[in-house]
$ cat input-v1.tsv   # TSV, C-alpha atoms and all ligand atoms
chain	number	residue	atom	x	y	z
Q	1	MET	CA	39.83	27.85	-17.27
Q	2	SER	CA	42.62	29.90	-15.69
Q	3	GLU	CA	45.52	27.72	-16.67
Q	4	GLN	CA	49.06	29.11	-16.60
Q	5	ASN	CA	51.42	29.53	-19.48
Q	6	ARG	CA	54.88	28.00	-19.74
Q	7	SER	CA	56.00	29.23	-23.16
Q	8	GLY	CA	57.65	32.36	-21.80
Q	9	SER	CA	55.12	34.98	-22.83
Q	10	ASP	CA	52.12	35.92	-20.72
Q	11	ARG	CA	50.36	37.49	-23.67
Q	12	VAL	CA	47.17	35.62	-24.52
Q	13	VAL	CA	46.67	35.45	-28.29
Q	14	LEU	CA	43.63	33.17	-28.31
Q	15	ASN	CA	41.01	33.02	-25.58
Q	16	VAL	CA	38.27	30.41	-25.98
Q	17	ASP	CA	35.58	30.84	-23.37
Q	18	ASN	CA	32.63	28.56	-22.65
Q	19	LEU	CA	32.43	27.32	-26.26
Q	20	ARG	CA	29.57	24.94	-27.01
Q	21	ILE	CA	28.90	23.34	-30.41
Q	22	HIS	CA	26.05	21.02	-31.35
Q	23	TYR	CA	25.14	18.97	-34.42
Q	24	ALA	CA	21.40	18.94	-35.04
Q	25	THR	CA	19.91	15.51	-35.88
Q	26	PRO	CA	16.28	14.40	-36.24
Q	27	GLN	CA	16.73	12.51	-32.96
Q	28	GLY	CA	17.99	15.57	-31.11
Q	29	ASP	CA	21.20	17.58	-30.83
Q	30	VAL	CA	24.53	15.79	-30.53
Q	31	ILE	CA	26.76	17.70	-28.12
Q	32	ALA	CA	30.14	17.85	-29.85
Q	33	VAL	CA	31.87	20.50	-27.71
Q	34	SER	CA	30.54	21.16	-24.24
Q	35	ASP	CA	31.39	24.53	-22.67
Q	36	ILE	CA	35.17	24.39	-23.02
Q	37	SER	CA	37.52	27.24	-22.10
Q	38	PHE	CA	41.25	27.60	-22.64
Q	39	LYS	CA	43.92	30.12	-23.52
Q	40	LEU	CA	46.77	30.01	-26.02
Q	41	TYR	CA	49.81	32.17	-25.31
Q	42	GLU	CA	52.14	33.95	-27.67
Q	43	GLY	CA	54.69	31.55	-29.15
Q	44	GLU	CA	53.14	28.53	-27.46
Q	45	THR	CA	52.42	25.10	-28.91
Q	46	LEU	CA	49.34	23.55	-27.33
Q	47	GLY	CA	48.40	19.92	-28.01
Q	48	LEU	CA	44.71	19.02	-28.06
Q	49	VAL	CA	44.25	15.26	-27.55
Q	50	GLY	CA	41.52	12.72	-27.05
Q	51	GLU	CA	39.98	9.76	-28.83
Q	52	SER	CA	38.12	10.02	-32.15
Q	53	GLY	CA	34.84	11.89	-31.80
Q	54	CYS	CA	35.84	13.72	-28.60
Q	55	GLY	CA	35.35	17.13	-30.25
Q	56	LYS	CA	38.96	18.11	-31.02
Q	57	SER	CA	38.40	18.86	-34.70
Q	58	THR	CA	35.00	20.44	-34.07
Q	59	THR	CA	36.72	22.76	-31.59
Q	60	ALA	CA	39.22	23.75	-34.29
Q	61	TYR	CA	36.50	24.33	-36.87
Q	62	GLY	CA	34.52	26.29	-34.31
Q	63	ILE	CA	37.47	28.58	-33.60
Q	64	LEU	CA	37.86	29.15	-37.35
Q	65	GLN	CA	34.10	29.63	-37.86
Q	66	LEU	CA	34.10	26.73	-40.30
Q	67	VAL	CA	31.50	24.51	-38.61
Q	68	GLN	CA	29.12	23.39	-41.35
Q	69	PRO	CA	25.37	22.72	-40.90
Q	70	PRO	CA	23.91	20.74	-39.24
Q	71	GLY	CA	26.63	21.86	-36.83
Q	72	TYR	CA	26.22	25.19	-35.05
Q	73	ILE	CA	27.76	27.19	-32.22
Q	74	VAL	CA	25.32	27.35	-29.33
Q	75	HIS	CA	27.28	29.88	-27.28
Q	76	GLY	CA	30.76	30.96	-26.32
Q	77	SER	CA	33.42	33.48	-27.09
Q	78	ILE	CA	36.53	33.19	-29.29
Q	79	GLU	CA	38.92	36.12	-29.00
Q	80	VAL	CA	42.06	36.47	-31.09
Q	81	GLU	CA	44.25	39.24	-29.70
Q	82	GLY	CA	41.19	40.74	-28.04
Q	83	ALA	CA	38.97	40.70	-31.17
Q	84	GLU	CA	35.80	38.59	-30.97
Q	85	VAL	CA	35.79	36.19	-33.93
Q	86	LEU	CA	32.08	35.45	-33.53
Q	87	ASP	CA	31.28	39.10	-34.26
Q	88	LEU	CA	33.10	39.22	-37.62
Q	89	THR	CA	31.13	39.57	-40.85
Q	90	GLU	CA	31.68	37.07	-43.70
Q	91	GLU	CA	34.02	39.50	-45.47
Q	92	GLU	CA	35.95	40.23	-42.27
Q	93	LEU	CA	36.21	36.50	-41.65
Q	94	ARG	CA	37.54	35.88	-45.16
Q	95	LYS	CA	40.30	38.42	-44.52
Q	96	PHE	CA	40.96	37.03	-41.05
Q	97	ARG	CA	41.56	33.49	-42.29
Q	98	TRP	CA	45.20	32.93	-43.24
Q	99	THR	CA	46.20	36.22	-41.51
Q	100	GLY	CA	44.63	35.93	-38.02
Q	101	LEU	CA	43.84	32.23	-37.91
Q	102	SER	CA	44.91	29.55	-40.34
Q	103	LEU	CA	44.20	25.85	-40.58
Q	104	ILE	CA	46.34	22.97	-41.74
Q	105	PRO	CA	43.45	20.54	-42.16
Q	106	GLN	CA	43.08	16.85	-41.50
Q	107	GLY	CA	44.05	15.00	-44.69
Q	108	ALA	CA	45.72	18.22	-45.80
Q	109	MET	CA	47.41	16.39	-48.66
Q	110	ASN	CA	44.03	15.93	-50.32
Q	111	SER	CA	43.10	19.55	-49.75
Q	112	LEU	CA	45.51	20.70	-52.47
Q	113	ASN	CA	43.89	21.37	-55.84
Q	114	PRO	CA	45.15	18.59	-58.16
Q	115	THR	CA	44.69	20.76	-61.27
Q	116	MET	CA	46.83	23.66	-60.05
Q	117	ARG	CA	50.61	23.94	-59.82
Q	118	VAL	CA	52.06	24.37	-56.31
Q	119	LYS	CA	53.15	27.95	-57.03
Q	120	ASP	CA	49.66	28.97	-58.18
Q	121	GLN	CA	48.04	27.59	-55.03
Q	122	ILE	CA	50.39	29.59	-52.81
Q	123	ILE	CA	50.05	32.70	-55.01
Q	124	ASP	CA	46.26	32.36	-54.68
Q	125	VAL	CA	46.54	32.57	-50.87
Q	126	ILE	CA	48.85	35.61	-51.04
Q	127	GLU	CA	46.90	37.51	-53.70
Q	128	SER	CA	43.50	36.81	-52.13
Q	129	HIS	CA	44.67	38.95	-49.19
Q	130	GLU	CA	47.27	41.28	-50.63
Q	131	GLY	CA	45.90	41.84	-54.13
Q	132	LYS	CA	47.60	41.20	-57.46
Q	133	GLN	CA	51.38	41.13	-57.08
Q	134	SER	CA	53.04	43.01	-59.93
Q	135	ASP	CA	56.64	42.10	-59.04
Q	136	LYS	CA	56.69	38.46	-60.16
Q	137	GLU	CA	60.35	38.03	-59.32
Q	138	ALA	CA	59.80	39.19	-55.72
Q	139	LEU	CA	56.80	36.86	-55.46
Q	140	ARG	CA	58.88	33.92	-56.64
Q	141	GLU	CA	61.60	34.76	-54.08
Q	142	ARG	CA	58.98	34.96	-51.35
Q	143	ILE	CA	57.70	31.50	-52.24
Q	144	TYR	CA	61.26	30.13	-52.39
Q	145	ASN	CA	61.77	31.50	-48.86
Q	146	LEU	CA	58.62	29.72	-47.73
Q	147	PHE	CA	59.90	26.50	-49.34
Q	148	ALA	CA	63.19	26.89	-47.47
Q	149	GLN	CA	61.35	27.38	-44.17
Q	150	VAL	CA	59.45	24.11	-44.58
Q	151	GLY	CA	62.32	22.14	-46.13
Q	152	LEU	CA	61.07	21.99	-49.72
Q	153	PRO	CA	63.32	22.29	-52.80
Q	154	ASN	CA	62.68	25.13	-55.27
Q	155	ARG	CA	62.16	22.61	-58.08
Q	156	ILE	CA	58.62	21.88	-56.89
Q	157	TYR	CA	57.57	25.46	-57.77
Q	158	ASN	CA	56.11	24.43	-61.11
Q	159	MET	CA	54.99	20.95	-60.11
Q	160	TYR	CA	51.48	19.58	-59.59
Q	161	PRO	CA	50.51	17.93	-56.26
Q	162	HIS	CA	50.46	14.42	-57.79
Q	163	GLU	CA	54.17	14.78	-58.59
Q	164	LEU	CA	55.02	15.18	-54.87
Q	165	SER	CA	55.40	12.64	-52.06
Q	166	GLY	CA	52.95	12.68	-49.13
Q	167	GLY	CA	55.49	14.43	-46.89
Q	168	MET	CA	56.15	17.10	-49.55
Q	169	LYS	CA	52.45	17.76	-50.04
Q	170	GLN	CA	52.10	18.14	-46.29
Q	171	ARG	CA	54.96	20.66	-46.27
Q	172	VAL	CA	53.22	22.63	-49.05
Q	173	CYS	CA	50.13	22.79	-46.81
Q	174	ILE	CA	52.29	24.06	-43.92
Q	175	ALA	CA	53.84	26.67	-46.26
Q	176	MET	CA	50.36	27.85	-47.24
Q	177	GLY	CA	49.25	27.89	-43.59
Q	178	VAL	CA	52.08	30.20	-42.51
Q	179	ALA	CA	52.45	32.22	-45.76
Q	180	LEU	CA	50.73	35.29	-44.32
Q	181	HIS	CA	52.19	34.99	-40.80
Q	182	PRO	CA	48.89	34.36	-38.98
Q	183	THR	CA	48.62	34.89	-35.22
Q	184	VAL	CA	47.43	31.32	-34.64
Q	185	VAL	CA	47.89	28.19	-36.75
Q	186	ILE	CA	45.75	25.12	-36.06
Q	187	ALA	CA	47.12	21.82	-37.36
Q	188	ASP	CA	44.31	19.28	-37.30
Q	189	GLU	CA	45.80	15.76	-37.36
Q	190	ALA	CA	48.10	17.24	-39.97
Q	191	THR	CA	50.55	14.35	-39.97
Q	192	SER	CA	48.31	11.37	-39.30
Q	193	ALA	CA	48.20	10.22	-42.96
Q	194	LEU	CA	52.00	9.97	-43.14
Q	195	ASP	CA	54.20	7.03	-42.18
Q	196	VAL	CA	55.70	7.28	-38.70
Q	197	VAL	CA	59.18	8.42	-39.73
Q	198	VAL	CA	57.91	11.16	-42.05
Q	199	GLN	CA	55.30	12.08	-39.42
Q	200	ARG	CA	57.96	13.00	-36.89
Q	201	ILE	CA	60.06	14.94	-39.40
Q	202	VAL	CA	57.06	16.94	-40.65
Q	203	ALA	CA	55.83	17.59	-37.09
Q	204	GLN	CA	59.29	18.88	-36.19
Q	205	THR	CA	59.25	21.12	-39.28
Q	206	LEU	CA	55.93	22.54	-38.15
Q	207	VAL	CA	57.35	23.54	-34.77
Q	208	GLU	CA	60.56	24.95	-36.29
Q	209	VAL	CA	58.57	27.13	-38.68
Q	210	LYS	CA	56.36	28.23	-35.81
Q	211	ASP	CA	59.43	29.32	-33.84
Q	212	GLU	CA	61.03	31.02	-36.83
Q	213	ILE	CA	58.08	33.20	-37.74
Q	214	GLY	CA	56.73	33.54	-34.19
Q	215	VAL	CA	53.18	32.22	-34.51
Q	216	SER	CA	51.26	30.31	-31.85
Q	217	LEU	CA	50.25	26.78	-32.66
Q	218	ILE	CA	47.51	24.32	-31.72
Q	219	VAL	CA	48.31	20.75	-32.71
Q	220	ILE	CA	45.34	18.39	-32.69
Q	221	GLY	CA	46.13	14.70	-32.53
Q	222	HIS	CA	45.69	11.41	-30.78
Q	223	ASP	CA	49.31	10.24	-30.85
Q	224	MET	CA	50.42	11.14	-27.33
Q	225	GLY	CA	53.97	9.97	-28.06
Q	226	LEU	CA	54.35	12.30	-31.03
Q	227	LEU	CA	52.74	15.24	-29.24
Q	228	ALA	CA	55.05	14.79	-26.26
Q	229	GLN	CA	57.98	15.71	-28.47
Q	230	ILE	CA	56.60	18.91	-29.95
Q	231	VAL	CA	54.13	20.68	-27.63
Q	232	ASP	CA	54.50	22.89	-24.53
Q	233	ARG	CA	51.18	22.06	-22.94
Q	234	ILE	CA	48.53	19.41	-23.47
Q	235	ALA	CA	44.76	19.76	-23.13
Q	236	VAL	CA	42.90	16.45	-22.88
Q	237	MET	CA	39.34	16.22	-24.19
Q	238	TYR	CA	36.76	13.55	-23.48
Q	239	ALA	CA	33.27	13.55	-25.03
Q	240	GLY	CA	33.32	17.27	-25.76
Q	241	LYS	CA	34.70	18.26	-22.35
Q	242	MET	CA	38.18	19.44	-21.45
Q	243	VAL	CA	39.16	17.20	-18.54
Q	244	GLU	CA	42.80	18.14	-17.92
Q	245	ILE	CA	45.31	20.75	-19.05
Q	246	ALA	CA	48.96	21.00	-18.01
Q	247	PRO	CA	52.54	21.36	-19.25
Q	248	VAL	CA	53.52	18.32	-21.25
Q	249	GLU	CA	56.04	17.03	-18.68
Q	250	ASN	CA	53.43	17.19	-15.88
Q	251	ILE	CA	50.90	15.23	-17.90
Q	252	TYR	CA	53.34	12.45	-18.70
Q	253	ALA	CA	55.01	12.29	-15.29
Q	254	LYS	CA	51.84	12.63	-13.25
Q	255	PRO	CA	48.57	12.38	-15.18
Q	256	LEU	CA	45.75	13.19	-12.79
Q	257	HIS	CA	42.43	12.59	-14.52
Q	258	PRO	CA	41.52	8.87	-14.71
Q	259	TYR	CA	40.96	9.24	-18.48
Q	260	THR	CA	44.38	10.86	-19.00
Q	261	GLN	CA	45.93	8.03	-16.99
Q	262	LEU	CA	44.34	5.52	-19.36
Q	263	LEU	CA	45.58	7.48	-22.39
Q	264	ILE	CA	49.14	7.57	-21.04
Q	265	ASP	CA	48.98	3.88	-20.16
Q	266	SER	CA	48.00	3.05	-23.72
Q	267	ILE	CA	51.22	4.50	-25.23
Q	268	PRO	CA	53.22	1.52	-26.52
Q	269	SER	CA	56.73	1.11	-25.12
Q	270	ILE	CA	59.70	-0.48	-26.84
Q	271	LYS	CA	61.33	-1.06	-23.43
Q	272	GLU	CA	58.63	-3.24	-21.91
Q	273	ARG	CA	55.85	-5.43	-23.20
Q	274	LYS	CA	52.64	-4.56	-21.46
Q	275	PRO	CA	49.09	-5.76	-22.01
Q	276	LEU	CA	46.74	-3.38	-23.78
Q	277	LYS	CA	44.71	-1.44	-21.20
Q	278	ILE	CA	41.02	-1.96	-21.77
Q	279	THR	CA	38.68	0.77	-20.59
Q	280	GLU	CA	35.72	-0.95	-18.99
Q	281	GLY	CA	32.27	0.58	-19.09
Q	282	ILE	CA	30.23	2.07	-21.88
Q	283	THR	CA	30.37	5.26	-23.86
Q	284	HIS	CA	27.24	7.35	-23.48
Q	285	ASP	CA	24.78	8.56	-26.12
Q	286	PRO	CA	26.16	12.01	-27.12
Q	287	ARG	CA	22.59	13.33	-27.38
Q	288	ASN	CA	21.94	12.35	-23.80
Q	289	PRO	CA	25.05	12.65	-21.62
Q	290	PRO	CA	25.02	11.17	-18.12
Q	291	SER	CA	24.38	13.35	-15.09
Q	292	GLY	CA	27.41	14.56	-13.17
Q	293	CYS	CA	30.80	13.60	-14.58
Q	294	ILE	CA	30.91	12.89	-18.32
Q	295	PHE	CA	33.45	10.06	-17.79
Q	296	ARG	CA	31.68	8.25	-14.97
Q	297	LEU	CA	30.29	5.37	-17.07
Q	298	ARG	CA	33.88	4.35	-17.90
Q	299	CYS	CA	35.74	5.58	-14.83
Q	300	PRO	CA	37.21	2.90	-12.54
Q	301	PHE	CA	36.97	5.28	-9.55
Q	302	ALA	CA	33.43	6.61	-9.98
Q	303	TRP	CA	31.21	6.75	-6.91
Q	304	GLU	CA	27.74	8.12	-6.13
Q	305	HIS	CA	28.83	11.74	-5.93
Q	306	CYS	CA	30.14	11.58	-9.53
Q	307	ALA	CA	26.55	11.06	-10.73
Q	308	VAL	CA	25.21	13.99	-8.72
Q	309	GLU	CA	27.53	16.86	-9.52
Q	310	GLU	CA	29.55	17.79	-12.57
Q	311	PRO	CA	33.21	18.30	-11.57
Q	312	SER	CA	34.49	21.81	-12.14
Q	313	GLN	CA	38.06	22.62	-13.14
Q	314	ILE	CA	40.29	22.28	-10.06
Q	315	ILE	CA	43.67	24.04	-9.98
Q	316	VAL	CA	46.01	21.41	-8.57
Q	317	ASP	CA	49.06	23.60	-8.89
Q	318	GLU	CA	49.65	26.82	-10.77
Q	319	LYS	CA	50.20	24.97	-14.03
Q	320	HIS	CA	47.93	21.98	-13.75
Q	321	GLU	CA	44.14	21.80	-13.86
Q	322	VAL	CA	41.83	18.81	-13.78
Q	323	ALA	CA	38.07	18.28	-13.80
Q	324	CYS	CA	37.60	15.38	-11.37
Q	325	HIS	CA	36.01	15.17	-7.90
Q	326	LEU	CA	38.97	13.13	-6.63
Q	327	PHE	CA	40.94	16.40	-6.49
Q	328	ASP	CA	38.36	18.17	-4.39
Q	329	GLU	CA	39.87	18.56	-0.89
Q	330	GLN	CA	36.85	16.98	0.80
Q	331	PHE	CA	37.54	13.69	-1.03
Q	332	GLU	CA	41.24	13.46	-0.20
Q	333	GLU	CA	40.96	10.02	1.39
Q	334	ARG	CA	39.18	8.65	-1.65
Q	335	ARG	CA	41.92	10.11	-3.88
Q	336	SER	CA	44.65	8.41	-1.79
Q	337	ASN	CA	42.86	5.09	-2.13
Q	338	ALA	CA	42.44	5.55	-5.88
Q	339	PHE	CA	46.13	6.39	-6.33
Q	340	ALA	CA	47.13	3.41	-4.20
Q	341	THR	CA	45.06	1.25	-6.54
Q	342	ILE	CA	46.91	2.69	-9.55
Q	343	ALA	CA	50.31	2.16	-7.92
Q	344	ASN	CA	49.50	-1.49	-7.24
Q	345	SER	CA	48.01	-2.25	-10.65
H	1	LIG	FE1	35.94	9.43	-12.28
H	1	LIG	FE2	34.35	10.73	-10.59
H	1	LIG	FE3	36.66	11.80	-11.36
H	1	LIG	FE4	34.63	11.62	-13.05
H	1	LIG	S1	34.68	12.85	-11.19
H	1	LIG	S2	36.74	11.14	-13.48
H	1	LIG	S3	33.72	9.67	-12.46
H	1	LIG	S4	36.38	9.92	-10.15
$ encode --input "input-v1.tsv" --output "structure tokens" --more "lines below"
Ligand code: SF4
Amino acid sequence: MSEQNRSGSDRVVLNVDNLRIHYATPQGDVIAVSDISFKLYEGETLGLVGESGCGKSTTAYGILQLVQPPGYIVHGSIEVEGAEVLDLTEEELRKFRWTGLSLIPQGAMNSLNPTMRVKDQIIDVIESHEGKQSDKEALRERIYNLFAQVGLPNRIYNMYPHELSGGMKQRVCIAMGVALHPTVVIADEATSALDVVVQRIVAQTLVEVKDEIGVSLIVIGHDMGLLAQIVDRIAVMYAGKMVEIAPVENIYAKPLHPYTQLLIDSIPSIKERKPLKITEGITHDPRNPPSGCIFRLRCPFAWEHCAVEEPSQIIVDEKHEVACHLFDEQFEERRSNAFATIANS
């Protein structure tokens, strides 16, 4: 995908190309991620959205080389600042995690070790990459600085995770994720276990820390409303495919892919009461995807051609790409009719 950046820098820090990940089952391989490509630019925050099971988290774990059997990477390339992650040895990968790529995992609050004090968990991350730190006072100051960056008080230094609130535990995970100033941080549904107010505050903290230390960030989530407030661009996934990618304001003002339109329509509004949009059609068997367009069994605008050919990524304008035949020039009339239907619905 040749999508354009809007974060200010043209320097690509992460380039995912044609990545495909399967899960082997006795009944055949489940296709979790299907040949996706995207770039992440220096200083950018990219949101990765889609419904549960669409491959967002598997993409993140693939990038970090953390896909566990029966999952496996079929093919693809993952370059961080020009270095191919798939070529790294186990030892190189161990060093690369936390410094090149770091993960704030789903349910991060439960990823903290309940038997270790907060300080020891952060010291573990630092010393596993930088060796034993002899200057304990400097180490403590460094951790206090990290606490300040993520809005934590110094008094939690000696505490255990069970003594902290959910929001505080999440902030500890963010502190660990950025402790070694990685090039790319991936936050996988990092706030979804928090209540809505804390969710927004923690998400904002994440972006502020990102700006302060200058990392690039991928935020994986399904809350389009929350993502709208914190990301620069959004990539929409459906059934392992990337179907649309654009700056956040484009996606919300003018979603192009029929699936993105349904996602945007499903965001609740406090200004107007609207009926819940139901997506007609059936989801396919992930071991046996339909021919042509992956969304055609649920798409209100599907026609015969959608079953024949898989849509490629179409550049609608320099910042906006979509994988849908409606945006192929030869089907312009069909697109006008489809958009008229949307306007009247
Ligand atoms: Fe719908 Fe066809 Fe576009 Fe797929 S290619 S989203 S089936 S109109």
$ residues_near_ligand --input "input-v1.tsv" --ligand "ligand LIG 1 (chain H)" --cutoff "7 Å" --atoms "all atoms listed in the file" --output "list of chain:residue names"
Q:His257, Q:Pro258, Q:Tyr259, Q:Cys293, Q:Ile294, Q:Phe295, Q:Arg296, Q:Cys299, Q:Pro300, Q:Phe301, Q:Ala302, Q:Trp303, Q:Cys306, Q:Pro311, Q:Ala323, Q:Cys324, Q:His325, Q:Leu326
$ closest_residue --input "input-v1.tsv" --among "Q:Gly50, Q:Gly100, Q:Gly166, Q:Gly76" --to "Q:Ser34" --atoms "all atoms listed in the file"
Q:Gly76
$ closest_residue --input "input-v1.tsv" --among "Q:Ser9, Q:Gln27, Q:Leu48, Q:Gln121" --to "Q:Lys241" --atoms "all atoms listed in the file"
Q:Leu48
$ atom_distance --input "input-v1.tsv" --atom1 "atom CA of Q:His162" --atom2 "atom CA of Q:Asn145"
22.3 Å
$ residues_near_point --input "input-v1.tsv" --point "(46.2, 18.6, -35.6)" --cutoff "6 Å" --atoms "only C-alpha atoms" --output "list in words"
Ala187, Asp188, Glu189, Ala190, Val219, Ile220 and Gly221 of chain Q
$ closest_residue --input "input-v1.tsv" --among "Q:Thr59, Q:Ser291, Q:Thr25, Q:Thr99" --to "Q:Ile73" --atoms "only C-alpha atoms"
Q:Thr59
$ axis_aligned_box --input "input-v1.tsv" --around "stretch 184-188 of chain Q" --padding-each-side "4 Å" --output "JSON"
{"center_x": 46.1, "center_y": 25.3, "center_z": -36.0, "size_x": 11.6, "size_y": 20.0, "size_z": 10.7}
$ closest_residue --input "input-v1.tsv" --among "Q:Gln149, Q:Gln261, Q:Asn288, Q:Asn15" --to "Q:Val207" --atoms "all atoms listed in the file"
Q:Gln149
$ atom_distance --input "input-v1.tsv" --atom1 "atom CA of Q:Ala307" --atom2 "atom CA of Q:Pro290"
7.5 Å
$ closest_residue --input "input-v1.tsv" --among "Q:Glu163, Q:Glu92, Q:Asp120, Q:Asp17" --to "Q:Met176" --atoms "only C-alpha atoms"
Q:Asp120
$ residues_around --input "input-v1.tsv" --residues "stretch 235-237 of chain Q" --least-positions-apart "4" --cutoff "7 Å" --atoms "only C-alpha atoms" --output "number ranges by chain"
Q: 47-50, 54, 241-246, 260
$ residues_around --input "input-v1.tsv" --residues "Q:Tyr23" --least-positions-apart "5" --cutoff "6 Å" --atoms "only C-alpha atoms" --output "VMD selection string"
chain Q and resid 29 to 30 70 to 71
$ atom_distance --input "input-v1.tsv" --atom1 "atom CA of Q:Phe327" --atom2 "atom CA of Q:Ala340"
14.6 Å
$ residues_around --input "input-v1.tsv" --residues "Q:Tyr144" --least-positions-apart "5" --cutoff "9 Å" --atoms "all atoms listed in the file" --output "PyMOL selection string"
chain Q and resi 139+149+152-154+157
$ closest_residue --input "input-v1.tsv" --among "Q:Arg233, Q:Arg142, Q:Arg335, Q:Lys210" --to "Q:Val185" --atoms "all atoms listed in the file"
Q:Lys210
$ residues_around --input "input-v1.tsv" --residues "Q:Glu44" --least-positions-apart "2" --cutoff "7 Å" --atoms "only C-alpha atoms" --output "VMD selection string"
chain Q and resid 7 40 to 42 46 216 to 217 232
$ residues_around --input "input-v1.tsv" --residues "Q:Gly82" --least-positions-apart "6" --cutoff "9 Å" --atoms "only C-alpha atoms" --output "MDAnalysis selection string"
chainID Q and resid 12:15
$ build_atoms --input "input-v1.tsv" --residues "stretch 121-136 of chain Q" --atoms "N, CA, C and O atoms" --output "tab-separated table (two decimals), in the coordinates of the input"
chain	number	residue	atom	x	y	z
Q	121	GLN	N	48.87	27.74	-56.24
Q	121	GLN	CA	48.04	27.59	-55.03
Q	121	GLN	C	48.53	28.53	-53.94
Q	121	GLN	O	47.73	29.12	-53.20
Q	122	ILE	N	49.85	28.69	-53.84
Q	122	ILE	CA	50.39	29.59	-52.81
Q	122	ILE	C	50.14	31.05	-53.22
Q	122	ILE	O	49.76	31.89	-52.39
Q	123	ILE	N	50.30	31.33	-54.52
Q	123	ILE	CA	50.05	32.70	-55.01
Q	123	ILE	C	48.58	33.09	-54.76
Q	123	ILE	O	48.28	34.22	-54.38
Q	124	ASP	N	47.69	32.12	-54.95
Q	124	ASP	CA	46.26	32.36	-54.68
Q	124	ASP	C	46.04	32.87	-53.26
Q	124	ASP	O	45.28	33.83	-53.04
Q	125	VAL	N	46.70	32.18	-52.28
Q	125	VAL	CA	46.54	32.57	-50.87
Q	125	VAL	C	47.05	33.99	-50.68
Q	125	VAL	O	46.39	34.84	-50.06
Q	126	ILE	N	48.24	34.28	-51.23
Q	126	ILE	CA	48.85	35.61	-51.04
Q	126	ILE	C	48.00	36.70	-51.70
Q	126	ILE	O	47.67	37.71	-51.09
Q	127	GLU	N	47.61	36.45	-52.96
Q	127	GLU	CA	46.90	37.51	-53.70
Q	127	GLU	C	45.47	37.70	-53.22
Q	127	GLU	O	44.91	38.79	-53.36
Q	128	SER	N	44.88	36.64	-52.62
Q	128	SER	CA	43.50	36.81	-52.13
Q	128	SER	C	43.47	37.79	-50.95
Q	128	SER	O	42.42	38.34	-50.61
Q	129	HIS	N	44.63	38.01	-50.31
Q	129	HIS	CA	44.67	38.95	-49.19
Q	129	HIS	C	45.43	40.23	-49.50
Q	129	HIS	O	45.15	41.27	-48.93
Q	130	GLU	N	46.40	40.12	-50.39
Q	130	GLU	CA	47.27	41.28	-50.63
Q	130	GLU	C	47.09	41.88	-52.02
Q	130	GLU	O	47.81	42.80	-52.39
Q	131	GLY	N	46.15	41.33	-52.78
Q	131	GLY	CA	45.90	41.84	-54.13
Q	131	GLY	C	46.94	41.33	-55.11
Q	131	GLY	O	47.91	40.65	-54.75
Q	132	LYS	N	46.72	41.65	-56.37
Q	132	LYS	CA	47.60	41.20	-57.46
Q	132	LYS	C	49.03	41.68	-57.21
Q	132	LYS	O	49.25	42.86	-56.92
Q	133	GLN	N	49.97	40.79	-57.30
Q	133	GLN	CA	51.38	41.13	-57.08
Q	133	GLN	C	52.04	41.42	-58.43
Q	133	GLN	O	52.13	40.53	-59.29
Q	134	SER	N	52.48	42.65	-58.62
Q	134	SER	CA	53.04	43.01	-59.93
Q	134	SER	C	54.50	42.56	-60.07
Q	134	SER	O	54.95	42.23	-61.16
Q	135	ASP	N	55.22	42.49	-58.97
Q	135	ASP	CA	56.64	42.10	-59.04
Q	135	ASP	C	56.74	40.58	-58.95
Q	135	ASP	O	56.83	39.99	-57.86
Q	136	LYS	N	56.71	39.93	-60.11
Q	136	LYS	CA	56.69	38.46	-60.16
Q	136	LYS	C	57.97	37.84	-59.60
Q	136	LYS	O	57.94	36.76	-59.01
